[in-house]
Structure formats: C-alpha cells, structure tokens
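Some notes on the structure that comes next.
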Amino acid sequence: MVMRMATIAAKQQPTEIIYPDSDGKPMADNTLQADAMTIIYNNLRAIFADDPNVFVAMDLLWYPVEGNPRIRVAPDVLVALGRPKGHRGSYKQWEEGGVAPQVVFEVLSPGNRTAAMNAKRRFYARYGVQEYYVYDPDTGLWQGWVRRGRRLTRVRQMEGWRSPLLGIVFGKGFKENPGLSRPDGSAFITFEALARMAELAERRAERERQMAERFRQQMLEAQRRAEREERLARQEQRRAERLAQRLRELGIDPDTLE
C-alpha cells in the first residue's frame, strides 16, 4: 500500500519543461550573411549603449509561450525595448514582463525559402512584433513590415524609410553593408572601421598627451628660470643693502653717491 502511494505521488509530480538555448542550426549559412548580421547587431548595440533598458541580441531563441518550448524562433537580430541589458541563454517572454521583441531583423541566405520566410512573418505577427525587416545581401535590398492592428503590413518604399521605434534609416545596401544609418544620419560602420577609428582616436589622444606633457615641462622650466632670477635679484638686493650699511658705518651717505 505504501509503495502504491509513493508510485502515485511520483506520477503526480510535474515534469520539468526544458527550453533549449540552441536549436542546433548554424547562426549563418555564409560569411556574407554573418557580416551583415554582425553590422546590424553591433551598430544597434552602439546606438542604445547608454540606455539600460534596451536589449539587443543576435541569433537568440525567443520562446513566446510558457509551457510550450516547441513554439520558438531565433531572429537574426532582435530588439526588446523596455527590457534590461544582460546575458540570456534565451528570451523567455514570460520572464521578460510579457514583453515581446518589438523589432526583428532577418538576413537572407541562399538556404532561405519563401515559404519559411512567410511562416516567420506569420509567427512575428502572431506573437507581437511591431516591426519586421528582411535584408538580402545579394541584391542590397530591404523589405519591411510594420504592425497595423493584428497584422504586419508591407512598407512599400524602403529607401529612406525611418523605423518608428528605432529611428534608424534604411537605404540600399551593398554586399555585407546593409545600407543603414543611425538616427543622427551617420552610416552603420563595420567592426573593422570601428577598430580603425578607435586606433586613430588612441593615437590622437597619445599625441595630445605628449603635447600636454611638453607644455607642462616648458611651464616648469619657465617657472624654474623665474625662480632662479628671483633668487639672484634677492641676492643682489642683499649685497646692495650690506654695501650701503658699510658705507654708513664709514660716515658716507650712499644716497649721495652716483
């Protein structure tokens, strides 16, 4: 009887639901796709670097429904406004205050099929995405959809389009460069360009440091010269005072001497 009750209790214990952090698929099918994804991801992170409540991720599994790990998708890049920065193994929406990623980006590869991309768009429409953008690095062209009620509707003219939520501006890309601009109008840049800019800034800072050090040394030397001249002047003044005193002791008024 005791054994039977233990068996029943064991059967009644809920099974832990596993939400894998990987779907086993590669992040990108080729370097062209990977470069475009990386540029979009890095520049979006840079744009929102000072906002602690904007989360940007690349190739991160998003689970919109608690209790059903089969409902999932891994956008190439996602942006969740109002969610704190930080590391995550996956984006579980119920652990994010129920907030769905508002903006997602996909970069096409030769392996993408129209049916699969349409299925993704339906998924994003169903689970709360506000803006959905697709880039084709082979043509440099963008496609975009924005939410109108329950649907994601097509943006008819992408060149010059400004994202309502992110403020970035879309243009025609070329190969791995997706042709995007930041809200201030500056173009998205590659990691290599960013590294070169950082190197140039470091060199400029070093030159300025050296110039400042030379100026400091010059000022110190000028101060030392002034102090030496002041000491010599004081010594000369003391010698003159001693001579005048000696003349007075001899009965000579030094003021009458030329």
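The chains in the structure tokens are called A, B, ... from first to last as shown; in each chain the residues are counted from 1, and the ligands are counted from 1 in the order shown.
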
With 7 Å as the cut-off and only C-alpha atoms counted, what is the closest atom pair between each nearby residue of region 109-190 of chain A and region 25-46 of chain A? Distances in Å to one decimal, ordered by chain and number, as JSON lines.
{"residue": "A:Ser109", "atom": "CA", "partner": "A:Gln33", "partner_atom": "CA", "distance": 6.2}
{"residue": "A:Pro137", "atom": "CA", "partner": "A:Gln33", "partner_atom": "CA", "distance": 6.8}
{"residue": "A:Lys175", "atom": "CA", "partner": "A:Leu32", "partner_atom": "CA", "distance": 6.9}
{"residue": "A:Glu176", "atom": "CA", "partner": "A:Ala36", "partner_atom": "CA", "distance": 4.6}
{"residue": "A:Asn177", "atom": "CA", "partner": "A:Ala36", "partner_atom": "CA", "distance": 6.0}
{"residue": "A:Pro178", "atom": "CA", "partner": "A:Ala36", "partner_atom": "CA", "distance": 6.2}
{"residue": "A:Phe188", "atom": "CA", "partner": "A:Asn43", "partner_atom": "CA", "distance": 6.1}
{"residue": "A:Ile189", "atom": "CA", "partner": "A:Ile39", "partner_atom": "CA", "distance": 6.8}
{"residue": "A:Thr190", "atom": "CA", "partner": "A:Ile39", "partner_atom": "CA", "distance": 5.7}

For the residues in that selection, give me C-alpha atoms as a PDB file, in the first residue's frame.
ATOM      1  CA  SER A 109      20.970  33.389 -47.288  1.00  0.00           C
ATOM      2  CA  PRO A 137      22.829  40.881 -49.148  1.00  0.00           C
ATOM      3  CA  LYS A 175      27.110  43.073 -50.095  1.00  0.00           C
ATOM      4  CA  GLU A 176      27.670  42.794 -46.348  1.00  0.00           C
ATOM      5  CA  ASN A 177      26.980  46.505 -45.709  1.00  0.00           C
ATOM      6  CA  PRO A 178      23.229  46.771 -45.161  1.00  0.00           C
ATOM      7  CA  PHE A 188      26.351  51.995 -39.849  1.00  0.00           C
ATOM      8  CA  ILE A 189      30.007  51.003 -39.778  1.00  0.00           C
ATOM      9  CA  THR A 190      31.843  47.698 -39.796  1.00  0.00           C
TER      10      THR A 190
END

Would you mind writing down, as a PyMOL selection string, each residue of region 43-167 of chain A that DSSP on the backbone assigns to strand (DSSP E or B)? chain A and resi 54-58+62-63+73+77-81+91-92+103-107+131-136+141-148+151-154+162

Hey, can you spit out that residue selection with N, CA and C atoms as an mmCIF file, in the first residue's frame?
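Dumped to out09.cif:
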data_model
loop_
_atom_site.group_PDB
_atom_site.id
_atom_site.type_symbol
_atom_site.label_atom_id
_atom_site.label_comp_id
_atom_site.auth_asym_id
_atom_site.auth_seq_id
_atom_site.Cartn_x
_atom_site.Cartn_y
_atom_site.Cartn_z
ATOM 1 N N VAL A 54 17.266 48.762 -23.063
ATOM 2 C CA VAL A 54 17.105 48.292 -24.435
ATOM 3 C C VAL A 54 18.000 47.064 -24.601
ATOM 4 N N PHE A 55 17.375 45.938 -24.881
ATOM 5 C CA PHE A 55 18.101 44.679 -25.022
ATOM 6 C C PHE A 55 18.193 44.319 -26.503
ATOM 7 N N VAL A 56 19.422 44.111 -26.977
ATOM 8 C CA VAL A 56 19.668 43.742 -28.368
ATOM 9 C C VAL A 56 20.384 42.401 -28.380
ATOM 10 N N ALA A 57 19.921 41.473 -29.225
ATOM 11 C CA ALA A 57 20.533 40.149 -29.266
ATOM 12 C C ALA A 57 20.610 39.656 -30.700
ATOM 13 N N MET A 58 21.537 38.731 -30.933
ATOM 14 C CA MET A 58 21.713 38.142 -32.254
ATOM 15 C C MET A 58 21.571 36.623 -32.139
ATOM 16 N N TRP A 62 13.810 32.800 -29.038
ATOM 17 C CA TRP A 62 12.717 33.512 -28.374
ATOM 18 C C TRP A 62 11.573 32.527 -28.178
ATOM 19 N N TYR A 63 11.172 32.344 -26.902
ATOM 20 C CA TYR A 63 10.040 31.498 -26.538
ATOM 21 C C TYR A 63 8.896 32.406 -26.096
ATOM 22 N N VAL A 73 11.492 30.755 -32.052
ATOM 23 C CA VAL A 73 12.150 31.226 -33.273
ATOM 24 C C VAL A 73 13.417 31.951 -32.835
ATOM 25 N N VAL A 77 18.525 39.162 -35.626
ATOM 26 C CA VAL A 77 18.741 40.223 -34.641
ATOM 27 C C VAL A 77 17.381 40.624 -34.082
ATOM 28 N N LEU A 78 17.306 40.782 -32.778
ATOM 29 C CA LEU A 78 16.064 41.248 -32.152
ATOM 30 C C LEU A 78 16.363 42.417 -31.233
ATOM 31 N N VAL A 79 15.368 43.286 -31.071
ATOM 32 C CA VAL A 79 15.472 44.427 -30.161
ATOM 33 C C VAL A 79 14.241 44.421 -29.270
ATOM 34 N N ALA A 80 14.488 44.409 -27.962
ATOM 35 C CA ALA A 80 13.397 44.453 -26.984
ATOM 36 C C ALA A 80 13.514 45.755 -26.199
ATOM 37 N N LEU A 81 12.629 46.701 -26.506
ATOM 38 C CA LEU A 81 12.625 47.980 -25.811
ATOM 39 C C LEU A 81 11.942 47.832 -24.455
ATOM 40 N N TYR A 91 15.382 34.050 -24.823
ATOM 41 C CA TYR A 91 14.451 35.112 -24.448
ATOM 42 C C TYR A 91 13.107 34.465 -24.152
ATOM 43 N N LYS A 92 12.840 34.239 -22.855
ATOM 44 C CA LYS A 92 11.568 33.667 -22.412
ATOM 45 C C LYS A 92 10.641 34.830 -22.082
ATOM 46 N N VAL A 103 11.164 44.716 -32.440
ATOM 47 C CA VAL A 103 11.770 44.831 -33.766
ATOM 48 C C VAL A 103 12.657 43.615 -34.016
ATOM 49 N N VAL A 104 12.497 42.988 -35.191
ATOM 50 C CA VAL A 104 13.355 41.852 -35.549
ATOM 51 C C VAL A 104 13.898 42.068 -36.959
ATOM 52 N N PHE A 105 15.097 41.528 -37.176
ATOM 53 C CA PHE A 105 15.764 41.604 -38.471
ATOM 54 C C PHE A 105 16.129 40.194 -38.919
ATOM 55 N N GLU A 106 15.964 39.941 -40.201
ATOM 56 C CA GLU A 106 16.425 38.698 -40.804
ATOM 57 C C GLU A 106 17.308 39.050 -41.997
ATOM 58 N N VAL A 107 18.404 38.303 -42.145
ATOM 59 C CA VAL A 107 19.299 38.466 -43.285
ATOM 60 C C VAL A 107 19.220 37.195 -44.115
ATOM 61 N N GLU A 131 7.785 45.677 -35.731
ATOM 62 C CA GLU A 131 8.478 45.967 -36.986
ATOM 63 C C GLU A 131 9.333 44.757 -37.370
ATOM 64 N N TYR A 132 9.252 44.387 -38.642
ATOM 65 C CA TYR A 132 9.973 43.216 -39.136
ATOM 66 C C TYR A 132 10.677 43.600 -40.428
ATOM 67 N N TYR A 133 11.997 43.380 -40.479
ATOM 68 C CA TYR A 133 12.785 43.787 -41.635
ATOM 69 C C TYR A 133 13.623 42.621 -42.150
ATOM 70 N N VAL A 134 13.698 42.511 -43.468
ATOM 71 C CA VAL A 134 14.447 41.436 -44.128
ATOM 72 C C VAL A 134 15.432 42.069 -45.105
ATOM 73 N N TYR A 135 16.707 41.658 -44.992
ATOM 74 C CA TYR A 135 17.748 42.184 -45.876
ATOM 75 C C TYR A 135 18.299 41.070 -46.756
ATOM 76 N N ASP A 136 18.440 41.382 -48.038
ATOM 77 C CA ASP A 136 19.031 40.437 -48.989
ATOM 78 C C ASP A 136 20.416 40.955 -49.374
ATOM 79 N N LEU A 141 18.856 44.905 -51.127
ATOM 80 C CA LEU A 141 17.500 45.428 -50.953
ATOM 81 C C LEU A 141 16.907 45.003 -49.614
ATOM 82 N N TRP A 142 16.072 45.881 -49.078
ATOM 83 C CA TRP A 142 15.351 45.633 -47.840
ATOM 84 C C TRP A 142 13.866 45.437 -48.127
ATOM 85 N N GLN A 143 13.247 44.617 -47.299
ATOM 86 C CA GLN A 143 11.792 44.544 -47.209
ATOM 87 C C GLN A 143 11.412 44.827 -45.763
ATOM 88 N N GLY A 144 10.261 45.453 -45.569
ATOM 89 C CA GLY A 144 9.859 45.775 -44.218
ATOM 90 C C GLY A 144 8.364 45.665 -44.010
ATOM 91 N N TRP A 145 8.004 45.353 -42.775
ATOM 92 C CA TRP A 145 6.601 45.263 -42.377
ATOM 93 C C TRP A 145 6.437 45.947 -41.026
ATOM 94 N N VAL A 146 5.350 46.662 -40.841
ATOM 95 C CA VAL A 146 5.038 47.297 -39.563
ATOM 96 C C VAL A 146 3.625 46.886 -39.153
ATOM 97 N N ARG A 147 3.410 46.901 -37.859
ATOM 98 C CA ARG A 147 2.130 46.427 -37.344
ATOM 99 C C ARG A 147 1.016 47.434 -37.577
ATOM 100 N N ARG A 148 -0.070 46.923 -38.070
ATOM 101 C CA ARG A 148 -1.334 47.660 -38.174
ATOM 102 C C ARG A 148 -2.400 46.755 -37.564
ATOM 103 N N ARG A 151 -2.062 42.745 -37.754
ATOM 104 C CA ARG A 151 -1.301 42.321 -38.927
ATOM 105 C C ARG A 151 -0.003 43.111 -39.069
ATOM 106 N N LEU A 152 0.966 42.504 -39.745
ATOM 107 C CA LEU A 152 2.158 43.199 -40.183
ATOM 108 C C LEU A 152 1.951 43.555 -41.648
ATOM 109 N N THR A 153 1.932 44.833 -41.947
ATOM 110 C CA THR A 153 1.660 45.276 -43.314
ATOM 111 C C THR A 153 2.955 45.754 -43.972
ATOM 112 N N ARG A 154 3.042 45.569 -45.251
ATOM 113 C CA ARG A 154 4.260 45.826 -46.021
ATOM 114 C C ARG A 154 4.552 47.322 -46.124
ATOM 115 N N ARG A 162 12.251 55.430 -42.212
ATOM 116 C CA ARG A 162 12.773 55.556 -40.859
ATOM 117 C C ARG A 162 11.969 54.668 -39.917
#

With only C-alpha atoms as the atoms that count, which of A:Ser181, A:Gln93, A:Ser163, A:Ser186 lies nearest to Gly67 (chain A)? A:Gln93

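Using only C-alpha atoms, the shortest contact distance between Ala187 (chain A) and any of A:Met158, A:Leu250, A:Ile168, A:Ala100 is found at A:Ile168.
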
Extract the full set of helix (DSSP H, G or I) residues from region 83-240 of chain A according to DSSP on the backbone, and format it as a PyMOL selection string. chain A and resi 93-95+114-126+191-240
